[in-house]
$ cat coords.pdb   # PDB, C-alpha atoms and all ligand atoms
ATOM      1  CA  MET S   1      70.903 -43.796 -56.010
ATOM      2  CA  ALA S   2      68.478 -44.362 -58.806
ATOM      3  CA  LYS S   3      66.319 -46.517 -56.515
ATOM      4  CA  LYS S   4      66.426 -43.932 -53.734
ATOM      5  CA  SER S   5      65.387 -41.074 -56.011
ATOM      6  CA  THR S   6      62.556 -43.200 -57.333
ATOM      7  CA  LYS S   7      61.377 -43.788 -53.764
ATOM      8  CA  VAL S   8      61.486 -40.047 -53.063
ATOM      9  CA  LYS S   9      59.660 -39.370 -56.269
ATOM     10  CA  ARG S  10      57.021 -41.917 -55.350
ATOM     11  CA  ARG S  11      56.621 -40.411 -51.906
ATOM     12  CA  THR S  12      56.325 -36.931 -53.398
ATOM     13  CA  LYS S  13      53.883 -38.184 -55.923
ATOM     14  CA  ARG S  14      51.822 -39.958 -53.254
ATOM     15  CA  SER S  15      51.774 -36.914 -50.990
ATOM     16  CA  SER S  16      50.642 -34.522 -53.693
ATOM     17  CA  LYS S  17      47.973 -36.888 -54.940
ATOM     18  CA  GLY S  18      44.320 -37.501 -53.884
ATOM     19  CA  PRO S  19      44.638 -40.184 -51.181
ATOM     20  CA  ASP S  20      46.093 -37.639 -48.587
ATOM     21  CA  LEU S  21      43.559 -34.844 -49.147
ATOM     22  CA  PRO S  22      40.726 -36.294 -46.970
ATOM     23  CA  LEU S  23      43.218 -36.755 -44.191
ATOM     24  CA  GLN S  24      44.160 -33.067 -44.324
ATOM     25  CA  LEU S  25      40.549 -32.002 -44.489
ATOM     26  CA  LEU S  26      39.774 -34.270 -41.547
ATOM     27  CA  LYS S  27      42.576 -32.616 -39.606
ATOM     28  CA  ILE S  28      41.271 -29.133 -40.434
ATOM     29  CA  PHE S  29      37.691 -30.051 -39.500
ATOM     30  CA  SER S  30      38.724 -31.728 -36.306
ATOM     31  CA  SER S  31      40.747 -28.633 -35.372
ATOM     32  CA  LEU S  32      37.745 -26.442 -36.116
ATOM     33  CA  ALA S  33      35.473 -28.744 -34.112
ATOM     34  CA  VAL S  34      37.812 -28.539 -31.130
ATOM     35  CA  LEU S  35      37.856 -24.749 -31.426
ATOM     36  CA  VAL S  36      34.048 -24.575 -31.566
ATOM     37  CA  VAL S  37      33.730 -26.869 -28.566
ATOM     38  CA  VAL S  38      36.220 -24.755 -26.600
ATOM     39  CA  VAL S  39      34.376 -21.504 -27.481
ATOM     40  CA  LEU S  40      30.994 -23.011 -26.571
ATOM     41  CA  ALA S  41      32.326 -24.408 -23.319
ATOM     42  CA  ALA S  42      33.809 -21.018 -22.428
ATOM     43  CA  GLY S  43      30.427 -19.404 -23.138
ATOM     44  CA  VAL S  44      28.590 -21.881 -20.940
ATOM     45  CA  VAL S  45      31.067 -21.382 -18.105
ATOM     46  CA  ALA S  46      30.830 -17.574 -18.415
ATOM     47  CA  LYS S  47      27.021 -17.721 -18.401
ATOM     48  CA  TRP S  48      27.059 -20.002 -15.379
ATOM     49  CA  LEU S  49      29.390 -17.658 -13.537
ATOM     50  CA  ILE S  50      27.221 -14.595 -14.303
ATOM     51  CA  GLY S  51      24.008 -16.479 -13.561
ATOM     52  CA  THR S  52      25.130 -17.632 -10.144
ATOM     53  CA  ALA S  53      26.589 -14.284  -9.101
ATOM     54  CA  PRO S  54      24.323 -12.478  -6.563
ATOM     55  CA  GLU S  55      22.080  -9.848  -8.152
ATOM     56  CA  GLN S  56      23.208  -6.318  -7.530
ATOM     57  CA  PRO S  57      20.232  -3.998  -8.005
ATOM     58  CA  SER S  58      21.589  -0.714  -9.207
ATOM     59  CA  ALA S  59      19.573   2.413  -8.637
ATOM     60  CA  ALA S  60      21.220   3.967 -11.681
ATOM     61  CA  VAL S  61      20.093   1.354 -14.187
ATOM     62  CA  GLN S  62      16.871   0.133 -12.622
ATOM     63  CA  PRO S  63      13.887   1.998 -14.065
ATOM     64  CA  ASP S  64      11.449   3.292 -11.485
ATOM     65  CA  LYS S  65       8.549   0.889 -11.718
ATOM     66  CA  ARG S  66       6.178   3.025  -9.682
ATOM     67  CA  LEU S  67       6.164   6.211 -11.707
ATOM     68  CA  PRO S  68       4.151   7.107 -13.622
ATOM     69  CA  VAL S  69       1.214   5.002 -12.515
ATOM     70  CA  PRO S  70      -0.696   3.535 -15.451
ATOM     71  CA  GLU S  71      -4.378   4.195 -15.923
ATOM     72  CA  VAL S  72      -6.659   1.501 -14.537
ATOM     73  CA  LYS S  73      -8.392  -0.191 -17.425
ATOM     74  CA  SER S  74     -10.799  -2.536 -15.681
ATOM     75  CA  PRO S  75     -13.218  -1.141 -13.108
ATOM     76  CA  ARG S  76     -12.314  -3.509 -10.299
ATOM     77  CA  LEU S  77     -13.982  -2.320  -7.122
ATOM     78  CA  PRO S  78     -11.498  -1.198  -4.474
ATOM     79  CA  VAL S  79     -11.250  -2.904  -1.130
ATOM     80  CA  TYR S  80     -10.815  -0.831   1.975
ATOM     81  CA  GLU S  81      -8.583  -1.535   4.868
ATOM     82  CA  VAL S  82      -9.033  -4.681   6.875
ATOM     83  CA  PHE S  83      -9.284  -4.076  10.578
ATOM     84  CA  PRO S  84      -7.384  -6.823  12.340
ATOM     85  CA  LYS S  85      -9.477  -6.680  15.499
ATOM     86  CA  GLY S  86     -12.780  -6.353  13.672
ATOM     87  CA  THR S  87     -13.526  -2.805  14.802
ATOM     88  CA  PRO S  88     -11.968   0.467  13.681
ATOM     89  CA  ALA S  89      -9.807   2.426  16.078
ATOM     90  CA  ALA S  90     -12.017   4.558  18.283
ATOM     91  CA  LYS S  91     -11.594   8.308  18.262
ATOM     92  CA  PRO S  92     -10.379   9.800  21.551
ATOM     93  CA  PRO S  93     -13.172  11.152  23.770
ATOM     94  CA  THR S  94     -14.662  14.544  23.086
ATOM     95  CA  ARG S  95     -12.612  17.377  24.515
ATOM     96  CA  LEU S  96     -15.055  20.263  24.550
ATOM     97  CA  PRO S  97     -18.781  19.516  24.599
ATOM     98  CA  GLN S  98     -21.117  21.715  22.608
ATOM     99  CA  LEU S  99     -22.736  24.484  24.671
ATOM    100  CA  PRO S 100     -26.509  24.047  25.104
ATOM    101  CA  GLY S 101     -28.585  26.178  22.779
ATOM    102  CA  ALA S 102     -25.885  26.408  20.159
ATOM    103  CA  ARG S 103     -26.655  25.960  16.489
ATOM    104  CA  PRO S 104     -27.354  22.467  15.143
ATOM    105  CA  PRO S 105     -24.267  20.269  15.230
ATOM    106  CA  LEU S 106     -22.429  19.889  11.953
ATOM    107  CA  VAL S 107     -22.116  16.484  10.305
ATOM    108  CA  ALA S 108     -19.975  15.657   7.297
ATOM    109  CA  ILE S 109     -20.587  12.407   5.491
ATOM    110  CA  VAL S 110     -17.587  11.474   3.388
ATOM    111  CA  ILE S 111     -18.151   8.765   0.805
ATOM    112  CA  ASP S 112     -14.789   7.048   0.222
ATOM    113  CA  ASP S 113     -13.566   4.959  -2.725
ATOM    114  CA  ILE S 114     -15.491   6.945  -5.343
ATOM    115  CA  GLY S 115     -14.589   6.472  -9.010
ATOM    116  CA  TYR S 116     -15.192   2.804  -9.734
ATOM    117  CA  ASP S 117     -18.997   2.641  -9.763
ATOM    118  CA  ARG S 118     -20.779   5.385 -11.670
ATOM    119  CA  ARG S 119     -24.308   4.218 -10.956
ATOM    120  CA  ILE S 120     -23.972   4.237  -7.186
ATOM    121  CA  ALA S 121     -22.210   7.620  -7.272
ATOM    122  CA  GLU S 122     -25.232   8.986  -9.150
ATOM    123  CA  ARG S 123     -27.506   7.482  -6.524
ATOM    124  CA  PHE S 124     -25.662   9.344  -3.768
ATOM    125  CA  MET S 125     -25.781  12.546  -5.837
ATOM    126  CA  ALA S 126     -29.531  12.131  -6.352
ATOM    127  CA  MET S 127     -30.055  12.520  -2.572
ATOM    128  CA  ASP S 128     -29.226  16.171  -3.139
ATOM    129  CA  VAL S 129     -27.519  16.736   0.206
ATOM    130  CA  PRO S 130     -24.055  18.240   0.738
ATOM    131  CA  MET S 131     -22.089  15.053   1.245
ATOM    132  CA  THR S 132     -18.427  14.889   0.268
ATOM    133  CA  PHE S 133     -16.980  12.523  -2.336
ATOM    134  CA  SER S 134     -13.480  11.207  -1.674
ATOM    135  CA  MET S 135     -12.124   9.995  -4.984
ATOM    136  CA  LEU S 136      -9.420   7.417  -5.606
ATOM    137  CA  PRO S 137      -6.792   8.503  -8.137
ATOM    138  CA  TYR S 138      -6.654   6.701 -11.508
ATOM    139  CA  ALA S 139     -10.212   5.410 -11.096
ATOM    140  CA  PRO S 140     -11.908   4.508 -14.384
ATOM    141  CA  PHE S 141     -14.920   6.807 -13.918
ATOM    142  CA  GLY S 142     -13.218   9.404 -11.760
ATOM    143  CA  ARG S 143     -13.313  12.268 -14.226
ATOM    144  CA  GLU S 144     -17.005  11.975 -15.170
ATOM    145  CA  ILE S 145     -18.165  11.500 -11.582
ATOM    146  CA  ASN S 146     -15.987  14.404 -10.433
ATOM    147  CA  GLU S 147     -17.439  16.793 -13.035
ATOM    148  CA  GLN S 148     -20.989  15.743 -12.290
ATOM    149  CA  ALA S 149     -20.520  15.974  -8.528
ATOM    150  CA  ARG S 150     -18.905  19.418  -8.683
ATOM    151  CA  ALA S 151     -21.664  20.625 -11.013
ATOM    152  CA  GLN S 152     -24.071  19.638  -8.221
ATOM    153  CA  GLY S 153     -22.023  21.530  -5.657
ATOM    154  CA  LEU S 154     -20.595  18.508  -3.842
ATOM    155  CA  GLU S 155     -17.210  18.852  -2.202
ATOM    156  CA  ILE S 156     -14.427  16.664  -3.584
ATOM    157  CA  MET S 157     -11.498  15.124  -1.743
ATOM    158  CA  LEU S 158      -8.571  13.006  -2.862
ATOM    159  CA  HIS S 159      -8.817   9.565  -1.281
ATOM    160  CA  LEU S 160      -5.099   8.991  -0.931
ATOM    161  CA  PRO S 161      -4.007   5.337  -1.165
ATOM    162  CA  MET S 162      -1.450   4.620   1.534
ATOM    163  CA  GLU S 163       0.338   1.486   2.649
ATOM    164  CA  PRO S 164      -1.551  -0.662   5.181
ATOM    165  CA  ASN S 165       0.117  -2.973   7.713
ATOM    166  CA  GLU S 166      -1.032  -5.952   5.662
ATOM    167  CA  TYR S 167       0.832  -4.786   2.539
ATOM    168  CA  PRO S 168       1.687  -6.459   0.151
ATOM    169  CA  ALA S 169      -1.046  -9.037   0.856
ATOM    170  CA  VAL S 170      -3.485  -6.100   0.860
ATOM    171  CA  LYS S 171      -2.731  -3.548  -1.838
ATOM    172  CA  PRO S 172      -3.902   0.063  -1.659
ATOM    173  CA  GLY S 173      -4.189   0.316  -5.460
ATOM    174  CA  PRO S 174      -2.785   2.677  -8.098
ATOM    175  CA  GLY S 175      -0.953   5.741  -6.824
ATOM    176  CA  ALA S 176      -0.194   4.204  -3.410
ATOM    177  CA  LEU S 177       2.303   5.852  -1.094
ATOM    178  CA  LEU S 178       4.583   3.145   0.264
ATOM    179  CA  SER S 179       7.040   3.217   3.157
ATOM    180  CA  GLU S 180       9.827   1.845   0.928
ATOM    181  CA  MET S 181       9.694   4.991  -1.256
ATOM    182  CA  SER S 182      12.338   7.668  -0.961
ATOM    183  CA  PRO S 183      11.004  11.090   0.128
ATOM    184  CA  ASP S 184      11.356  12.277  -3.489
ATOM    185  CA  GLU S 185       9.405   9.335  -4.861
ATOM    186  CA  LEU S 186       6.696   9.745  -2.231
ATOM    187  CA  ILE S 187       6.275  13.453  -2.956
ATOM    188  CA  THR S 188       6.294  12.916  -6.735
ATOM    189  CA  GLN S 189       3.606  10.254  -6.401
ATOM    190  CA  LEU S 190       1.541  12.424  -4.075
ATOM    191  CA  ARG S 191       1.720  15.366  -6.491
ATOM    192  CA  ALA S 192       0.699  13.103  -9.389
ATOM    193  CA  ASN S 193      -2.291  11.917  -7.337
ATOM    194  CA  LEU S 194      -3.293  15.475  -6.465
ATOM    195  CA  ASP S 195      -3.161  16.388 -10.164
ATOM    196  CA  GLN S 196      -5.456  13.478 -10.971
ATOM    197  CA  ILE S 197      -8.513  14.826  -9.181
ATOM    198  CA  LYS S 198      -9.740  18.250 -10.191
ATOM    199  CA  GLY S 199     -11.141  20.727  -7.692
ATOM    200  CA  ILE S 200     -10.233  18.938  -4.468
ATOM    201  CA  LYS S 201     -10.531  20.730  -1.133
ATOM    202  CA  GLY S 202      -8.931  18.105   1.055
ATOM    203  CA  VAL S 203      -7.476  14.630   1.426
ATOM    204  CA  ASN S 204      -8.144  11.547   3.516
ATOM    205  CA  ASN S 205      -6.373   8.230   3.640
ATOM    206  CA  HIS S 206      -7.412   5.054   1.844
ATOM    207  CA  MET S 207      -6.003   2.264   4.077
ATOM    208  CA  GLY S 208      -2.700   3.689   5.396
ATOM    209  CA  SER S 209      -2.429   1.924   8.763
ATOM    210  CA  LYS S 210       1.350   1.647   8.248
ATOM    211  CA  ILE S 211       2.190   5.067   6.768
ATOM    212  CA  SER S 212      -0.066   6.841   9.297
ATOM    213  CA  THR S 213       2.254   5.739  12.119
ATOM    214  CA  SER S 214       5.328   7.410  10.594
ATOM    215  CA  SER S 215       5.852  11.038  11.617
ATOM    216  CA  ASP S 216       8.410  11.532   8.838
ATOM    217  CA  ARG S 217       6.033  10.299   6.168
ATOM    218  CA  MET S 218       3.050  12.230   7.470
ATOM    219  CA  ARG S 219       5.071  15.447   7.628
ATOM    220  CA  GLN S 220       6.304  14.905   4.067
ATOM    221  CA  ILE S 221       2.707  14.419   2.919
ATOM    222  CA  PHE S 222       1.370  17.357   4.928
ATOM    223  CA  SER S 223       4.060  19.759   3.684
ATOM    224  CA  ILE S 224       2.701  19.191   0.153
ATOM    225  CA  LEU S 225      -0.955  19.465   1.239
ATOM    226  CA  LYS S 226      -0.067  22.741   2.939
ATOM    227  CA  GLN S 227       1.388  24.070  -0.336
ATOM    228  CA  HIS S 228      -1.858  23.114  -2.085
ATOM    229  CA  ASP S 229      -4.008  24.748   0.603
ATOM    230  CA  LEU S 230      -5.788  21.492   1.436
ATOM    231  CA  TYR S 231      -7.139  20.014   4.650
ATOM    232  CA  TYR S 232      -6.591  16.448   5.867
ATOM    233  CA  ILE S 233      -9.090  14.121   7.506
ATOM    234  CA  ASP S 234      -7.467  11.175   9.246
ATOM    235  CA  SER S 235      -9.600   8.117   8.519
ATOM    236  CA  ARG S 236      -7.980   6.545  11.608
ATOM    237  CA  THR S 237      -7.321   3.104  10.203
ATOM    238  CA  THR S 238      -4.950   2.529  13.120
ATOM    239  CA  ALA S 239      -5.007   3.568  16.777
ATOM    240  CA  GLU S 240      -1.281   4.375  16.494
ATOM    241  CA  THR S 241      -1.785   7.163  13.945
ATOM    242  CA  VAL S 242       0.450  10.215  14.322
ATOM    243  CA  ALA S 243      -1.490  12.321  11.817
ATOM    244  CA  ARG S 244      -2.768  14.790  14.433
ATOM    245  CA  PRO S 245       0.607  15.857  15.922
ATOM    246  CA  SER S 246       2.079  16.001  12.403
ATOM    247  CA  ALA S 247      -0.773  18.239  11.215
ATOM    248  CA  GLU S 248      -0.465  20.429  14.325
ATOM    249  CA  LEU S 249       3.241  20.865  13.706
ATOM    250  CA  LEU S 250       2.594  22.086  10.175
ATOM    251  CA  GLN S 251      -0.613  23.953  11.125
ATOM    252  CA  LEU S 252      -2.529  22.010   8.542
ATOM    253  CA  PRO S 253      -6.351  22.176   8.740
ATOM    254  CA  PHE S 254      -7.202  18.793  10.211
ATOM    255  CA  ALA S 255     -10.017  16.625  11.519
ATOM    256  CA  GLU S 256     -10.532  12.973  12.316
ATOM    257  CA  ARG S 257     -13.079  10.404  11.321
ATOM    258  CA  ASP S 258     -15.507   9.907  14.171
ATOM    259  CA  ILE S 259     -17.608   7.024  12.897
ATOM    260  CA  PHE S 260     -17.125   4.444  10.176
ATOM    261  CA  ILE S 261     -20.675   3.987   8.966
ATOM    262  CA  ASP S 262     -20.619   0.776   6.979
ATOM    263  CA  HIS S 263     -17.523  -1.368   7.604
ATOM    264  CA  ILE S 264     -20.108  -4.064   8.244
ATOM    265  CA  ASP S 265     -22.270  -4.019   5.134
ATOM    266  CA  ASP S 266     -25.588  -4.633   6.850
ATOM    267  CA  PRO S 267     -28.604  -2.264   6.967
ATOM    268  CA  ALA S 268     -29.233  -2.720  10.704
ATOM    269  CA  PHE S 269     -25.585  -2.043  11.497
ATOM    270  CA  ILE S 270     -25.507   0.996   9.209
ATOM    271  CA  ARG S 271     -28.616   2.404  10.931
ATOM    272  CA  SER S 272     -27.008   2.023  14.352
ATOM    273  CA  GLN S 273     -23.809   3.706  13.119
ATOM    274  CA  LEU S 274     -25.790   6.658  11.756
ATOM    275  CA  LYS S 275     -27.447   7.035  15.161
ATOM    276  CA  ARG S 276     -23.992   7.026  16.749
ATOM    277  CA  LEU S 277     -22.878   9.663  14.254
ATOM    278  CA  ILE S 278     -25.758  11.960  15.228
ATOM    279  CA  HIS S 279     -25.056  11.338  18.915
ATOM    280  CA  GLN S 280     -21.347  12.105  18.492
ATOM    281  CA  ALA S 281     -22.191  15.332  16.655
ATOM    282  CA  GLN S 282     -24.572  16.345  19.453
ATOM    283  CA  GLN S 283     -21.844  15.667  22.009
ATOM    284  CA  GLN S 284     -19.010  17.605  20.405
ATOM    285  CA  GLY S 285     -20.788  19.975  18.012
ATOM    286  CA  TYR S 286     -19.593  18.305  14.864
ATOM    287  CA  ALA S 287     -18.753  14.831  13.556
ATOM    288  CA  VAL S 288     -17.246  13.170  10.523
ATOM    289  CA  GLY S 289     -18.788   9.946   9.269
ATOM    290  CA  ILE S 290     -17.099   7.888   6.574
ATOM    291  CA  ALA S 291     -19.121   5.583   4.354
ATOM    292  CA  HIS S 292     -18.509   3.585   1.185
ATOM    293  CA  PRO S 293     -20.384   3.244  -2.099
ATOM    294  CA  HIS S 294     -22.489   0.268  -1.056
ATOM    295  CA  PRO S 295     -26.154  -0.145  -2.060
ATOM    296  CA  ASN S 296     -27.080  -0.784   1.597
ATOM    297  CA  THR S 297     -25.439   2.486   2.638
ATOM    298  CA  CYS S 298     -27.366   4.329  -0.055
ATOM    299  CA  GLN S 299     -30.643   2.786   0.969
ATOM    300  CA  VAL S 300     -30.218   3.464   4.702
ATOM    301  CA  LEU S 301     -29.005   7.027   4.076
ATOM    302  CA  GLU S 302     -32.093   7.700   1.950
ATOM    303  CA  GLU S 303     -34.257   6.499   4.834
ATOM    304  CA  PHE S 304     -32.276   8.492   7.361
ATOM    305  CA  LEU S 305     -32.235  11.864   5.643
ATOM    306  CA  PRO S 306     -35.384  13.268   7.332
ATOM    307  CA  ARG S 307     -33.940  12.334  10.729
ATOM    308  CA  PHE S 308     -30.637  13.952   9.859
ATOM    309  CA  LYS S 309     -32.321  17.161   8.814
ATOM    310  CA  GLU S 310     -34.212  17.306  12.141
ATOM    311  CA  SER S 311     -31.208  16.898  14.395
ATOM    312  CA  VAL S 312     -28.034  17.980  12.629
ATOM    313  CA  SER S 313     -26.832  20.163   9.828
ATOM    314  CA  LEU S 314     -25.335  18.133   6.998
ATOM    315  CA  VAL S 315     -22.377  20.079   5.575
ATOM    316  CA  PRO S 316     -19.321  19.617   3.350
ATOM    317  CA  ALA S 317     -16.267  18.161   5.098
ATOM    318  CA  SER S 318     -14.371  21.475   4.963
ATOM    319  CA  MET S 319     -16.946  23.064   7.312
ATOM    320  CA  VAL S 320     -16.482  20.328   9.870
ATOM    321  CA  VAL S 321     -12.708  20.670   9.580
ATOM    322  CA  ARG S 322     -13.028  24.382  10.264
ATOM    323  CA  GLN S 323     -15.273  23.728  13.271
ATOM    324  CA  ALA S 324     -12.950  21.017  14.579
ATOM    325  CA  MET S 325     -10.012  23.407  14.340
ATOM    326  CA  LEU S 326     -11.897  26.127  16.217
ATOM    327  CA  VAL S 327     -12.825  23.723  19.000
ATOM    328  CA  GLU S 328      -9.710  21.576  19.224
ATOM    329  CA  SER S 329      -6.940  23.963  18.187
ATOM    330  CA  PRO S 330      -8.319  27.465  18.833
ATOM    331  CA  GLN S 331      -4.788  28.865  18.677
ATOM    332  CA  ALA S 332      -4.330  27.653  15.101
ATOM    333  CA  ASN S 333      -4.746  30.446  12.617
ATOM    334  CA  ALA S 334      -4.186  28.296   9.552
ATOM    335  CA  ILE S 335      -7.886  28.216   8.742
ATOM    336  CA  LYS S 336      -9.406  30.765   6.467
TER
HETATM  337 ZN    ZN J   1     -10.881   3.743   1.027
END
$ encode --input "coords.pdb" --output "structure tokens" --more "lines below"
Ligand SMILES: [Zn+2]
Amino acid sequence: MAKKSTKVKRRTKRSSKGPDLPLQLLKIFSSLAVLVVVVLAAGVVAKWLIGTAPEQPSAAVQPDKRLPVPEVKSPRLPVYEVFPKGTPAAKPPTRLPQLPGARPPLVAIVIDDIGYDRRIAERFMAMDVPMTFSMLPYAPFGREINEQARAQGLEIMLHLPMEPNEYPAVKPGPGALLSEMSPDELITQLRANLDQIKGIKGVNNHMGSKISTSSDRMRQIFSILKQHDLYYIDSRTTAETVARPSAELLQLPFAERDIFIDHIDDPAFIRSQLKRLIHQAQQQGYAVGIAHPHPNTCQVLEEFLPRFKESVSLVPASMVVRQAMLVESPQANAIK
């Protein structure tokens, strides 16, 4: 009995003494380590499961990346639409020729893509003729050029960036109307663009070969232009444009570009296009030419001004739109 109790005592002594403490600690640490490993492994598995699940874009949580459009900081010069076949879509033939002996035919020269190059805009203004500036929204020098041009009596248009067929390889720039937009987004963007340019009388399209073929889109755009009492000039960047029937439906003052003056940036070509512009105006009584802020265009226009003044009357775009409406849609009473 005595021996047994001694043994028990010894065991008790041994267990309460130092030699067993590291073992207990080891057990605790190993348990903790296992727990940590299990938690980490669960985390990794959860992350893997979430990461490999297909992304579900939610309209509710996704912020709208398009609105509002940030200001352009660097004055990168805009590109204009690429014409896949090398030549712009031709305007349909003249419907009603000008009667002989009538007043000089009206010609509007619209300079597109204004707002990125102040010096060349000033050069156009210095010609002191009633050309029309079509200004891109969010352009770095838009506000100054606009004020200066209006002070000189030039007519101002919004040059509305619209999706081309080549999008997204070719981008129309800040404020673009895209076919993927909902009607609400498109209208909100359009209104923001209209607010950008003070004192505009009308709108024409920058690029837009894709949007211009959608009746729904063009009617959405034109319903807003109608509210703002603006005209629309179809730049005709595609032969499949439905701008005219859409404008007729909404009785929106409307005209079409007759001649692109400088899509080949070469003085000889620009001269021949200006001759075509005069000829077209003589044929139908009016014509719209669209040019771009290129030094060659400036130089050839300066040379050509005396010839213009002899044969045609250079007027703001709104006057040509009015004339075009009288000739092409005499029943329309939307024009003031
Ligand atoms: Zn343009």
$ residues_around --input "coords.pdb" --residues "range 318-320 of chain S" --least-positions-apart "6" --cutoff "8 Å" --atoms "only C-alpha atoms" --output "PyMOL selection string"
chain S and resi 106-108+201-202+231+255+286-288
$ resolve_selection --input "coords.pdb" --expression "the PyMOL selection byres (((chain S and resi 179) around 8) and not hetatm)" --output "list in words"
Glu163, Leu177, Leu178, Glu180, Met181, Lys210, Ile211 and Arg217 of chain S
$ resolve_selection --input "coords.pdb" --expression "the PyMOL selection byres (((not hetatm)) within 9 of (chain J and resi 1))" --output "JSON, numbers by chain"
{"S": [78, 79, 80, 81, 111, 112, 113, 114, 134, 135, 136, 159, 160, 161, 172, 204, 205, 206, 207, 235, 292]}
$ closest_residue --input "coords.pdb" --among "S:Pro105, S:Pro316, S:Pro253, S:Gly199" --to "Arg150 in chain S" --atoms "all atoms listed in the file"
S:Gly199
$ atom_distance --input "coords.pdb" --atom1 "CA of Gly173 in chain S" --atom2 "CA of Ala139 in chain S"
9.7 Å
$ closest_residue --input "coords.pdb" --among "S:Leu225, S:Ile261, S:Ile278, S:Leu230" --to "Ile290 in chain S" --atoms "all atoms listed in the file"
S:Ile261
$ resolve_selection --input "coords.pdb" --expression "the PyMOL selection byres (((chain S and resi 212-214) around 7) and not hetatm)" --output "ChimeraX atom specification"
/S:208-211,215-218,240-243
$ residues_around --input "coords.pdb" --residues "Val203 in chain S" --least-positions-apart "5" --cutoff "6 Å" --atoms "only C-alpha atoms" --output "PyMOL selection string"
chain S and resi 157-159+232
$ atom_distance --input "coords.pdb" --atom1 "CA of Asp262 in chain S" --atom2 "CA of Pro140 in chain S"
23.4 Å
$ atom_distance --input "coords.pdb" --atom1 "CA of Val129 in chain S" --atom2 "CA of Phe141 in chain S"
21.4 Å
$ closest_residue --input "coords.pdb" --among "S:Val321, S:Val315, S:Leu190, S:Leu277" --to "Leu154 in chain S" --atoms "only C-alpha atoms"
S:Val315
$ closest_residue --input "coords.pdb" --among "S:Ser246, S:Gln251, S:Cys298, S:Phe308" --to "Lys275 in chain S" --atoms "only C-alpha atoms"
S:Phe308
$ closest_residue --input "coords.pdb" --among "S:Leu250, S:Glu185, S:Arg276, S:Ile109" --to "Glu155 in chain S" --atoms "only C-alpha atoms"
S:Ile109
$ closest_residue --input "coords.pdb" --among "S:Asn146, S:Leu252, S:Phe269, S:Gln284" --to "Gln227 in chain S" --atoms "all atoms listed in the file"
S:Leu252
